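Listing of structure25.csv, CSV, C-alpha atoms
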chain,number,residue,atom,x,y,z
Y,9,MET,CA,1.3,-7.3,-14.8
Y,10,ALA,CA,1.9,-9.1,-11.5
Y,11,ARG,CA,-0.4,-8.5,-8.6
Y,12,ALA,CA,1.2,-6.1,-6.0
Y,13,ARG,CA,3.0,-8.1,-3.4
Y,14,TYR,CA,3.8,-7.4,0.3
Y,15,LEU,CA,7.2,-5.9,0.9
Y,16,ARG,CA,9.2,-6.6,4.0
Y,17,ALA,CA,10.4,-3.6,6.1
Y,18,SER,CA,14.0,-4.1,4.9
Y,19,GLU,CA,12.8,-4.1,1.3
Y,20,ARG,CA,10.8,-0.9,1.8
Y,21,GLU,CA,13.8,0.8,3.4
Y,22,ILE,CA,16.1,-0.2,0.5
Y,23,LEU,CA,13.6,1.1,-2.1
Y,24,ARG,CA,13.4,4.5,-0.3
Y,25,ASP,CA,17.2,4.7,0.1
Y,26,VAL,CA,17.8,4.2,-3.7
Y,27,SER,CA,15.1,6.7,-4.7
Y,28,ASN,CA,15.2,10.4,-5.0
Y,29,ALA,CA,13.6,12.6,-2.4
Y,30,PRO,CA,10.2,13.1,-4.1
Y,31,ASN,CA,9.7,9.4,-4.9
Y,32,ALA,CA,11.0,8.3,-1.5
Y,33,THR,CA,8.6,10.7,0.2
Y,34,VAL,CA,5.6,9.5,-1.8
Y,35,MET,CA,6.5,5.9,-0.9
Y,36,ALA,CA,6.7,6.8,2.8
Y,37,ILE,CA,3.3,8.5,2.8
Y,38,CYS,CA,1.7,5.6,1.0
Y,39,GLU,CA,3.0,3.3,3.6
Y,40,SER,CA,2.1,5.3,6.7
Y,41,THR,CA,-1.4,6.4,5.6
Y,42,GLY,CA,-2.6,3.6,3.3
Y,43,LEU,CA,-3.5,6.2,0.6
Y,44,ARG,CA,-3.3,5.1,-3.0
Y,45,VAL,CA,-0.4,6.6,-4.9
Y,46,GLY,CA,-2.7,8.8,-7.0
Y,47,ASP,CA,-4.2,10.4,-3.9
Y,48,VAL,CA,-0.7,11.2,-2.5
Y,49,LEU,CA,0.5,12.7,-5.8
Y,50,GLY,CA,-2.7,14.7,-6.0
Y,51,LEU,CA,-2.0,16.6,-2.8
Y,52,THR,CA,-2.0,20.3,-3.4
Y,53,ARG,CA,-0.1,23.2,-1.8
Y,54,LYS,CA,-3.3,24.3,-0.2
Y,55,GLN,CA,-3.9,20.9,1.4
Y,56,LEU,CA,-0.4,20.8,2.8
Y,57,GLN,CA,-1.0,24.2,4.4
Y,58,GLU,CA,-4.3,22.9,5.9
Y,59,ALA,CA,-2.6,19.8,7.3
Y,60,ARG,CA,0.2,21.9,8.9
Y,61,SER,CA,-2.4,24.0,10.6
Y,62,LYS,CA,-4.1,20.9,12.0
Y,63,SER,CA,-1.1,19.1,13.4
Y,64,GLY,CA,-0.9,16.9,10.3
Y,65,TRP,CA,-4.5,15.9,10.0
Y,66,LEU,CA,-6.1,16.1,6.6
Y,67,ALA,CA,-9.4,14.9,5.0
Y,68,VAL,CA,-8.5,13.4,1.6
Y,69,LYS,CA,-11.1,12.5,-1.0
Y,70,GLU,CA,-10.1,9.3,-2.7
Y,71,GLN,CA,-9.9,9.6,-6.5
Y,72,LYS,CA,-11.0,5.9,-7.1
Y,73,THR,CA,-14.0,5.7,-4.8
Y,74,GLY,CA,-15.0,9.3,-4.1
Y,75,LYS,CA,-15.0,8.5,-0.4
Y,76,GLU,CA,-13.3,10.7,2.1
Y,77,ARG,CA,-10.6,9.6,4.5
Y,78,THR,CA,-8.9,11.5,7.3
Y,79,VAL,CA,-5.2,10.7,7.6
Y,80,ARG,CA,-2.3,12.2,9.5
Y,81,PHE,CA,1.1,13.1,8.2
Y,82,THR,CA,4.2,13.1,10.5
Y,83,ALA,CA,6.0,16.3,11.3
Y,84,ARG,CA,9.0,15.1,9.3
Y,85,GLN,CA,6.8,14.3,6.3
Y,86,MET,CA,5.3,17.8,6.3
Y,87,ARG,CA,8.7,19.4,6.5
Y,88,VAL,CA,9.9,17.4,3.5
Y,89,MET,CA,6.7,18.1,1.5
Y,90,ALA,CA,7.1,21.8,2.3
Y,91,ALA,CA,10.6,21.7,0.9
Y,92,LEU,CA,9.5,19.9,-2.3
Y,93,CYS,CA,6.2,21.7,-2.8
Y,94,GLY,CA,5.5,23.4,-6.1
Y,95,SER,CA,3.2,26.3,-6.8
Y,96,VAL,CA,0.2,24.1,-7.3
Y,97,TYR,CA,1.0,20.5,-6.3
Y,98,VAL,CA,3.2,19.2,-3.6
Y,99,PHE,CA,4.8,16.7,-6.0
Y,100,GLU,CA,4.8,18.7,-9.2
Y,101,GLY,CA,5.5,17.3,-12.7
Y,102,ARG,CA,9.0,17.6,-14.1
Y,103,LEU,CA,7.9,19.2,-17.4
Y,104,ASP,CA,4.6,20.8,-16.5
Y,105,LYS,CA,4.6,22.6,-13.1
Y,106,LYS,CA,0.8,22.9,-13.3
Y,107,LYS,CA,0.4,19.1,-13.2
Y,108,HIS,CA,1.4,16.7,-10.5
Y,109,ARG,CA,4.0,13.9,-10.9
Y,110,HIS,CA,2.6,10.9,-12.7
Y,111,ARG,CA,2.1,7.7,-10.9
Y,112,SER,CA,4.2,5.8,-13.5
Y,113,THR,CA,7.2,7.8,-12.3
Y,114,VAL,CA,7.0,6.3,-8.9
Y,115,TYR,CA,6.2,2.9,-10.3
Y,116,LYS,CA,9.2,2.9,-12.5
Y,117,ALA,CA,11.4,4.2,-9.7
Y,118,MET,CA,10.4,1.3,-7.5
Y,119,LYS,CA,11.1,-1.2,-10.2
Y,120,ARG,CA,14.5,0.2,-10.9
Y,121,GLY,CA,15.3,0.3,-7.3
Y,122,ALA,CA,14.3,-3.3,-6.8
Y,123,LYS,CA,16.4,-4.4,-9.7
Y,124,LYS,CA,19.4,-2.4,-8.6
Y,125,ALA,CA,19.2,-3.8,-5.1
Y,126,GLY,CA,18.8,-7.4,-6.3
Y,127,LEU,CA,15.3,-7.7,-4.9
Y,128,ARG,CA,12.5,-9.7,-6.6
Y,129,VAL,CA,11.1,-7.2,-9.1
Y,130,ASP,CA,7.8,-8.7,-10.0
Y,131,GLY,CA,4.9,-7.5,-7.8
Y,132,VAL,CA,6.8,-4.4,-6.6
Y,133,SER,CA,4.6,-1.4,-7.1
Y,134,PRO,CA,3.2,1.6,-5.1
Y,135,HIS,CA,0.1,-0.4,-4.3
Y,136,SER,CA,2.4,-2.9,-2.4
Y,137,LEU,CA,2.7,-0.1,0.2
Y,138,ARG,CA,-1.0,0.0,0.8
Y,139,LYS,CA,-0.8,-3.7,1.6
Y,140,CYS,CA,2.0,-3.1,4.0
Y,141,TYR,CA,-0.1,-0.4,5.8
Y,142,ALA,CA,-2.9,-3.0,6.1
Y,143,VAL,CA,-0.6,-5.6,7.5
Y,144,GLU,CA,0.9,-3.2,10.1
Y,145,LEU,CA,-2.5,-1.9,11.2
Y,146,PHE,CA,-3.8,-5.5,11.6
Y,147,ARG,CA,-0.8,-6.3,13.8
Y,148,MET,CA,-1.4,-3.2,15.8
Y,149,THR,CA,-5.1,-3.5,16.4
Y,150,ASP,CA,-5.8,-7.3,15.9
Y,151,SER,CA,-9.1,-6.1,14.3
Y,152,ILE,CA,-10.0,-6.9,10.7
Y,153,ASP,CA,-12.9,-4.5,11.1
Y,154,GLU,CA,-10.5,-1.7,11.9
Y,155,VAL,CA,-8.5,-2.4,8.8
Y,156,GLN,CA,-11.7,-2.5,6.6
Y,157,ARG,CA,-12.8,0.9,7.9
Y,158,ALA,CA,-9.3,2.3,7.3
Y,159,LEU,CA,-9.1,1.0,3.7
Y,160,GLN,CA,-12.8,1.6,3.2
Y,161,HIS,CA,-13.3,-1.7,1.5
Y,162,ASP,CA,-16.9,-2.8,0.7
Y,163,ARG,CA,-16.1,-6.5,1.2
Y,164,ILE,CA,-14.3,-8.0,4.2
Y,165,SER,CA,-12.9,-10.7,1.8
Y,166,THR,CA,-10.9,-8.0,0.1
Y,167,THR,CA,-9.6,-6.6,3.4
Y,168,LEU,CA,-8.4,-10.1,4.4
Y,169,LEU,CA,-6.2,-10.3,1.3
Y,170,TYR,CA,-4.6,-7.0,2.3
Y,171,ALA,CA,-4.3,-7.6,6.1
Y,172,MET,CA,-2.9,-11.1,5.6
Y,173,ALA,CA,-0.7,-10.2,2.6
Y,174,ASP,CA,2.5,-11.1,4.6
Y,175,LYS,CA,1.2,-14.6,5.0
Y,176,ILE,CA,-0.2,-15.2,1.5
Y,177,ARG,CA,2.7,-16.1,-0.9
Y,178,THR,CA,2.3,-14.4,-4.3
Y,179,PRO,CA,3.8,-16.7,-6.9
Y,180,SER,CA,6.2,-15.2,-9.5
Y,181,PRO,CA,5.2,-15.2,-13.2
Y,182,SER,CA,8.0,-17.8,-13.8
Y,183,ALA,CA,6.6,-20.1,-11.2
Y,184,LEU,CA,3.1,-19.8,-12.7
Y,185,SER,CA,4.5,-20.5,-16.2
Y,186,ALA,CA,6.5,-23.5,-15.0
Y,187,GLY,CA,3.5,-24.9,-13.2
Y,188,ALA,CA,1.2,-24.6,-16.2
Y,189,GLU,CA,3.8,-26.1,-18.7
Y,190,ALA,CA,5.0,-29.0,-16.5
Y,191,PRO,CA,2.2,-30.8,-14.8
Y,192,ARG,CA,3.1,-33.4,-12.2
Y,193,LYS,CA,3.8,-36.9,-13.5
Y,194,GLY,CA,0.7,-39.1,-13.4
Y,195,ALA,CA,-1.6,-36.1,-12.9
Y,196,SER,CA,-4.7,-35.9,-15.2
Y,197,LYS,CA,-4.5,-33.3,-18.0
Y,198,PRO,CA,-6.5,-30.2,-17.3
Y,199,SER,CA,-9.3,-29.3,-19.6
Y,200,GLY,CA,-8.7,-26.5,-22.1
Y,201,ARG,CA,-10.4,-23.8,-20.1
Y,202,ARG,CA,-9.8,-24.6,-16.4
Y,203,ALA,CA,-5.9,-24.3,-16.4
Y,204,PRO,CA,-5.8,-20.6,-17.5
Y,205,ALA,CA,-8.6,-19.8,-15.0
Y,206,ARG,CA,-6.5,-21.4,-12.2
Y,207,ALA,CA,-3.4,-19.4,-13.2
Y,208,ALA,CA,-5.4,-16.2,-13.2
Y,209,SER,CA,-6.7,-17.0,-9.8
Y,210,LEU,CA,-3.2,-17.5,-8.4
Y,211,ALA,CA,-1.9,-14.3,-10.0
Y,212,SER,CA,-4.7,-12.3,-8.5
Y,213,GLY,CA,-3.9,-13.6,-5.0
Y,214,GLU,CA,-7.3,-15.3,-4.7
Y,215,GLY,CA,-6.0,-18.8,-5.1
Y,216,GLY,CA,-3.3,-18.2,-2.5
Y,217,ALA,CA,-6.0,-17.3,0.1
Y,218,GLN,CA,-7.9,-20.4,-0.6
Y,219,ASP,CA,-4.9,-22.7,-0.6
Y,220,ALA,CA,-3.8,-21.3,2.7
Y,221,GLY,CA,-6.6,-23.2,4.4
Y,222,PRO,CA,-8.8,-22.1,7.3
Y,223,GLU,CA,-7.2,-19.9,10.0
Y,224,PRO,CA,-6.8,-21.5,13.4
Y,225,ALA,CA,-9.5,-20.5,15.8
Y,226,LYS,CA,-7.2,-19.0,18.3
Y,227,ASN,CA,-5.6,-16.7,15.6
Y,228,ARG,CA,-8.8,-15.5,14.1
Y,229,PRO,CA,-9.3,-11.7,14.6
Y,230,SER,CA,-11.8,-11.0,17.3
Y,231,GLY,CA,-13.0,-7.7,15.9
Y,232,LYS,CA,-12.4,-6.0,19.3
Y,233,ARG,CA,-10.5,-2.8,19.5
Y,234,ASN,CA,-7.8,-2.4,22.1
Y,235,SER,CA,-6.9,0.8,23.8
Y,236,ARG,CA,-4.0,1.3,21.4
Y,237,SER,CA,-6.1,1.2,18.3
Y,238,ARG,CA,-8.5,3.8,19.8
Y,239,ALA,CA,-5.6,6.1,20.6
Y,240,VAL,CA,-4.0,6.0,17.1
Y,241,THR,CA,-7.0,6.0,14.8
Y,242,ARG,CA,-9.2,8.8,13.7
Y,243,GLY,CA,-11.5,8.9,10.8
Y,244,GLY,CA,-10.3,5.5,9.6
Y,245,SER,CA,-6.5,6.0,9.5
Y,246,ALA,CA,-3.7,4.8,11.6
Y,247,PRO,CA,-0.8,7.3,11.5
Y,248,THR,CA,2.6,6.0,12.6
Y,249,GLY,CA,4.3,7.6,15.5
Y,250,LYS,CA,7.8,7.1,14.2
Y,251,PRO,CA,8.8,8.7,10.9
Y,252,SER,CA,10.3,6.5,8.2
Y,253,ARG,CA,13.4,7.3,6.2
Y,254,GLY,CA,13.1,9.1,3.0
Y,255,GLY,CA,10.4,11.5,4.0
Y,256,GLY,CA,9.2,9.7,7.1
Y,257,GLU,CA,6.3,7.4,7.4
Using the file provided, produce a representation of the structure as structure tokens.
Amino acid sequence: MARARYLRASEREILRDVSNAPNATVMAICESTGLRVGDVLGLTRKQLQEARSKSGWLAVKEQKTGKERTVRFTARQMRVMAALCGSVYVFEGRLDKKKHRHRSTVYKAMKRGAKKAGLRVDGVSPHSLRKCYAVELFRMTDSIDEVQRALQHDRISTTLLYAMADKIRTPSPSALSAGAEAPRKGASKPSGRRAPARAASLASGEGGAQDAGPEPAKNRPSGKRNSRSRAVTRGGSAPTGKPSRGGGE
């Protein structure tokens, strides 16, 4: 499976437009809060009621890490979620109303949407939207530390891969395959074990970060917060002020 890639704003809009209301809303929330898709799908009716009573603010415990994040939903997102909300979960399952919608449903919807719209399909996944959130937050705050706190990464190197995802080109599987099967003329043959390791590095995005070279000094993040970042962040999240289409983000 290809590593989740960064999606341009136009691509995100297209994917929401060709998806049904539940899937489009999940995409929008993933993009605007940076929450993983499993955490969005796990939102309950009770949590939605709590968020509505607190102007959209909600403390969410991450399923993967067990850490708690405070995020904010837009008014539009809460209206759409209220309309979709089931008896237990906001995004209830199609067959079992006591369970939430499965993440594979959103994943497959994004793949179908990308194929239908003629977009590059590989690397399109709900996790792409978490990278989009990181890129937008970095642009807004110019602080890699701010992004790390929001995503709650343990290592700054991981955060850099997210915050700079729009600048790190993720090669397609076909490009990786062609590169492995057709080495440049005159180049020495790779050893039996190093070539696969190199391909795995590129596919994971790590190779792209290394090949990009050092960042110019004037463009390196200063780590300072500006007044805008302090105004929009709370508890590690950066809610957007303008709702996105398909549920808002």
ask   = What separation in Å, quoted to one decimal, exists between CA of Ile22 (chain Y) and CA of Gly126 (chain Y)?
value = 10.3 Å
ask   = Near Phe146 (chain Y), counting all atoms listed in the file, which residues have an atom at most 10 Å away, once you skip same-chain residues fewer than 3 positions from it, shown as number ranges by chain?
value = Y: 140-143, 149-156, 168, 170-172, 229, 237
Between CA of Ala12 (chain Y) and CA of Thr82 (chain Y), distance in Å (one decimal) = 25.5 Å
task = For Glu19 (chain Y), work out the shell of residues within 10 Å, counting only C-alpha atoms and skipping chain neighbours fewer than 6 positions away, then give it as a count of residues only.
result = 7
message = What's the separation between CA of Pro30 (chain Y) and CA of Phe81 (chain Y), in Å to one decimal place?
response =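 According to the coordinates, CA of Pro30 (chain Y) and CA of Phe81 (chain Y) are separated by 15.3 Å.
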query = With all atoms listed in the file as the atoms that count, which of Y:Val114, Y:Val129, Y:Val88, Y:Leu145 lies nearest to Arg44 (chain Y)?
reply =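 Going through Y:Val114, Y:Val129, Y:Val88, Y:Leu145 one by one, the smallest distance to Arg44 (chain Y) is for Y:Val114.
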message = Using only C-alpha atoms for the distances, tell me which of Y:Val68, Y:Ala117, Y:Leu92, Y:Ile176 is nearest to Gly50 (chain Y).
response =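 With only C-alpha atoms as the atom set, the closest residue is Y:Val68.
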query = Which residue, Y:Val79, Y:Ala90, Y:Leu159, Y:Leu137, has the smallest gap to Ala173 (chain Y) when you use all atoms listed in the file?
reply = Y:Leu137
inquiry  = Would you pick out the contacts of region 31-35 of chain Y at 8 Å or less, using only C-alpha atoms, so that residues sharing its chain but fewer than 4 positions from it are not included, and give the list as an MDAnalysis selection string?
reply    = chainID Y and resid 23:25 27 39 45 48:49 85 88:89 113:114 117 134 137 254:256
message = Taking only C-alpha atoms into account, name the residue in Y:Ile164, Y:Ala10, Y:Cys93, Y:Leu169 that is nearest to Lys139 (chain Y).
response =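 For Lys139 (chain Y), the nearest of the candidates is Y:Leu169.
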query = Which is closest to Lys119 (chain Y) among Y:Ala158, Y:Ala59, Y:Val26, Y:Ala17, if we use all atoms listed in the file?
reply =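 Using all atoms listed in the file, the shortest distance to Lys119 (chain Y) belongs to Y:Val26.
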key: Using all atoms listed in the file: which of Y:Val98, Y:Lys175, Y:Tyr115, Y:Lys75 has the shortest distance to His161 (chain Y)   = Y:Lys75
